[in-house]
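Input: a single structure, listed below in structure tokens.
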Amino acid sequence: MGDINTVSKHEFVSTINKLFEAAPPLADYLYSHRPYESLAALIDVAQAAVLSKPPLFHDQQMLEIINAHPRLGAPKDTLSEASRREQGGALDGGASGTIDVDSSQQQVDAILARINREYEEKFGFKLVEFVNGRSKADLVPVLQKRLDSGEVEAEMATALTAMMDIARDRLRKSTK
């Protein structure tokens with residue numbers, strides 16, 4: 001992924017976008033805090049920044065950071081290459097037996113669309129979950145539980161933590 005400490009800002013953002021769906025507030029923050037010992041250290045700094053108390057980013061910036069991430073189950077052509085790979089099992093329905101065989105993939109897609117819509121209406125930001133190869137059917141109860149929670153601040157922290165888990169997983173896979 002190149003030497004993130006010496007590249008131009010454009011190259012830096014391009015590099016970290018392979019780890020994050022990095023919104024400008026996060027990318028700018030990370031760029032301004034170079035040097036990093038490693039990409040893993042950069043992710044640690046990002047996580048500390050987005051979860052800091054008191055917050056380093058104002059509310060609108062936090063929403064921008066979370067909403068840079070794609071919706072779960074979004075059309076494949078709207079996803080980054082990394083998101084397409086990660087959501088591969090979920091996008092294709094996976095091989096889960098958690099939903100009755102009679103249930104169609106269209107029903108699962110409709111449930112995910114409803115959960116995404118209701119979540120965004122309730123919390124004001126996208127639902128971010130570390131898919132980790134799980135099928136859409138496997139995700140439904142997890143996402144429904146998240147929707148049913150009532151704590152905006154806790155959900156925001158969960159979404160931001162999931163983004164960092166995704167970044168760590170992308171880094172791990174890129175160094176194999």
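Residue names in the structure tokens use chain letters A, B, ... in the order shown, residue numbers from 1 in each chain, and ligand numbers from 1 in the order shown.
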Counting only C-alpha atoms, what is within 12 Å of region 64-67 of chain A, bar same-chain residues fewer than 2 positions away, as JSON, numbers by chain?
{"A": [20, 21, 22, 23, 24, 25, 26, 27, 28, 29, 46, 47, 49, 50, 51, 57, 58, 59, 60, 61, 62, 69, 70, 71, 72, 120, 123, 124, 125, 126, 127, 128, 129, 155, 156, 157, 158, 159, 160, 161, 162, 163, 164]}
Write the residues you've just listed into a file as a PDB file, in the first residue's frame, and include C-alpha atoms for each of them.
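New file again_36.pdb:
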ATOM      1  CA  PHE A  20     -11.810   2.661   5.038  1.00  0.00           C
ATOM      2  CA  GLU A  21     -14.548   4.186   3.030  1.00  0.00           C
ATOM      3  CA  ALA A  22     -12.845   7.346   4.309  1.00  0.00           C
ATOM      4  CA  ALA A  23     -14.886  10.521   4.461  1.00  0.00           C
ATOM      5  CA  PRO A  24     -12.898  13.756   4.156  1.00  0.00           C
ATOM      6  CA  PRO A  25     -12.984  14.601   7.896  1.00  0.00           C
ATOM      7  CA  LEU A  26     -11.326  11.287   8.791  1.00  0.00           C
ATOM      8  CA  ALA A  27      -8.927  11.351   5.836  1.00  0.00           C
ATOM      9  CA  ASP A  28      -7.865  14.921   6.653  1.00  0.00           C
ATOM     10  CA  TYR A  29      -7.349  14.070  10.314  1.00  0.00           C
ATOM     11  CA  ALA A  46      -8.414   6.407  13.460  1.00  0.00           C
ATOM     12  CA  GLN A  47     -10.289   4.361  16.050  1.00  0.00           C
ATOM     13  CA  ALA A  49     -10.066   9.629  17.014  1.00  0.00           C
ATOM     14  CA  VAL A  50     -13.591   8.563  16.093  1.00  0.00           C
ATOM     15  CA  LEU A  51     -14.333   7.138  19.542  1.00  0.00           C
ATOM     16  CA  PHE A  57     -15.236  15.581  15.282  1.00  0.00           C
ATOM     17  CA  HIS A  58     -18.481  17.546  15.422  1.00  0.00           C
ATOM     18  CA  ASP A  59     -21.805  15.774  14.829  1.00  0.00           C
ATOM     19  CA  GLN A  60     -22.003  16.491  11.094  1.00  0.00           C
ATOM     20  CA  GLN A  61     -18.471  15.167  10.571  1.00  0.00           C
ATOM     21  CA  MET A  62     -19.295  11.983  12.519  1.00  0.00           C
ATOM     22  CA  HIS A  69     -19.704   3.407   4.294  1.00  0.00           C
ATOM     23  CA  PRO A  70     -22.045   1.600   1.858  1.00  0.00           C
ATOM     24  CA  ARG A  71     -25.411   0.199   2.895  1.00  0.00           C
ATOM     25  CA  LEU A  72     -25.518  -3.522   3.585  1.00  0.00           C
ATOM     26  CA  GLU A 120     -31.478   5.449   9.110  1.00  0.00           C
ATOM     27  CA  PHE A 123     -30.653   6.957  14.167  1.00  0.00           C
ATOM     28  CA  GLY A 124     -29.881   9.397  11.342  1.00  0.00           C
ATOM     29  CA  PHE A 125     -26.959   7.436   9.887  1.00  0.00           C
ATOM     30  CA  LYS A 126     -26.257   4.243   7.965  1.00  0.00           C
ATOM     31  CA  LEU A 127     -26.211   0.851   9.611  1.00  0.00           C
ATOM     32  CA  VAL A 128     -22.613  -0.404   9.518  1.00  0.00           C
ATOM     33  CA  GLU A 129     -21.868  -4.025  10.407  1.00  0.00           C
ATOM     34  CA  GLU A 155     -25.120   2.690  17.920  1.00  0.00           C
ATOM     35  CA  MET A 156     -22.752   5.332  16.627  1.00  0.00           C
ATOM     36  CA  ALA A 157     -19.900   3.741  18.599  1.00  0.00           C
ATOM     37  CA  THR A 158     -20.906   0.295  17.307  1.00  0.00           C
ATOM     38  CA  ALA A 159     -20.898   1.555  13.707  1.00  0.00           C
ATOM     39  CA  LEU A 160     -17.515   3.246  14.097  1.00  0.00           C
ATOM     40  CA  THR A 161     -16.023   0.171  15.760  1.00  0.00           C
ATOM     41  CA  ALA A 162     -17.366  -1.986  12.926  1.00  0.00           C
ATOM     42  CA  MET A 163     -15.657   0.328  10.437  1.00  0.00           C
ATOM     43  CA  MET A 164     -12.351  -0.178  12.238  1.00  0.00           C
TER      44      MET A 164
END
In Å, how far is it from CA of Ser104 (chain A) to CA of Leu139 (chain A)?
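Result for CA of Ser104 (chain A) versus CA of Leu139 (chain A): 15.1 Å, one decimal.
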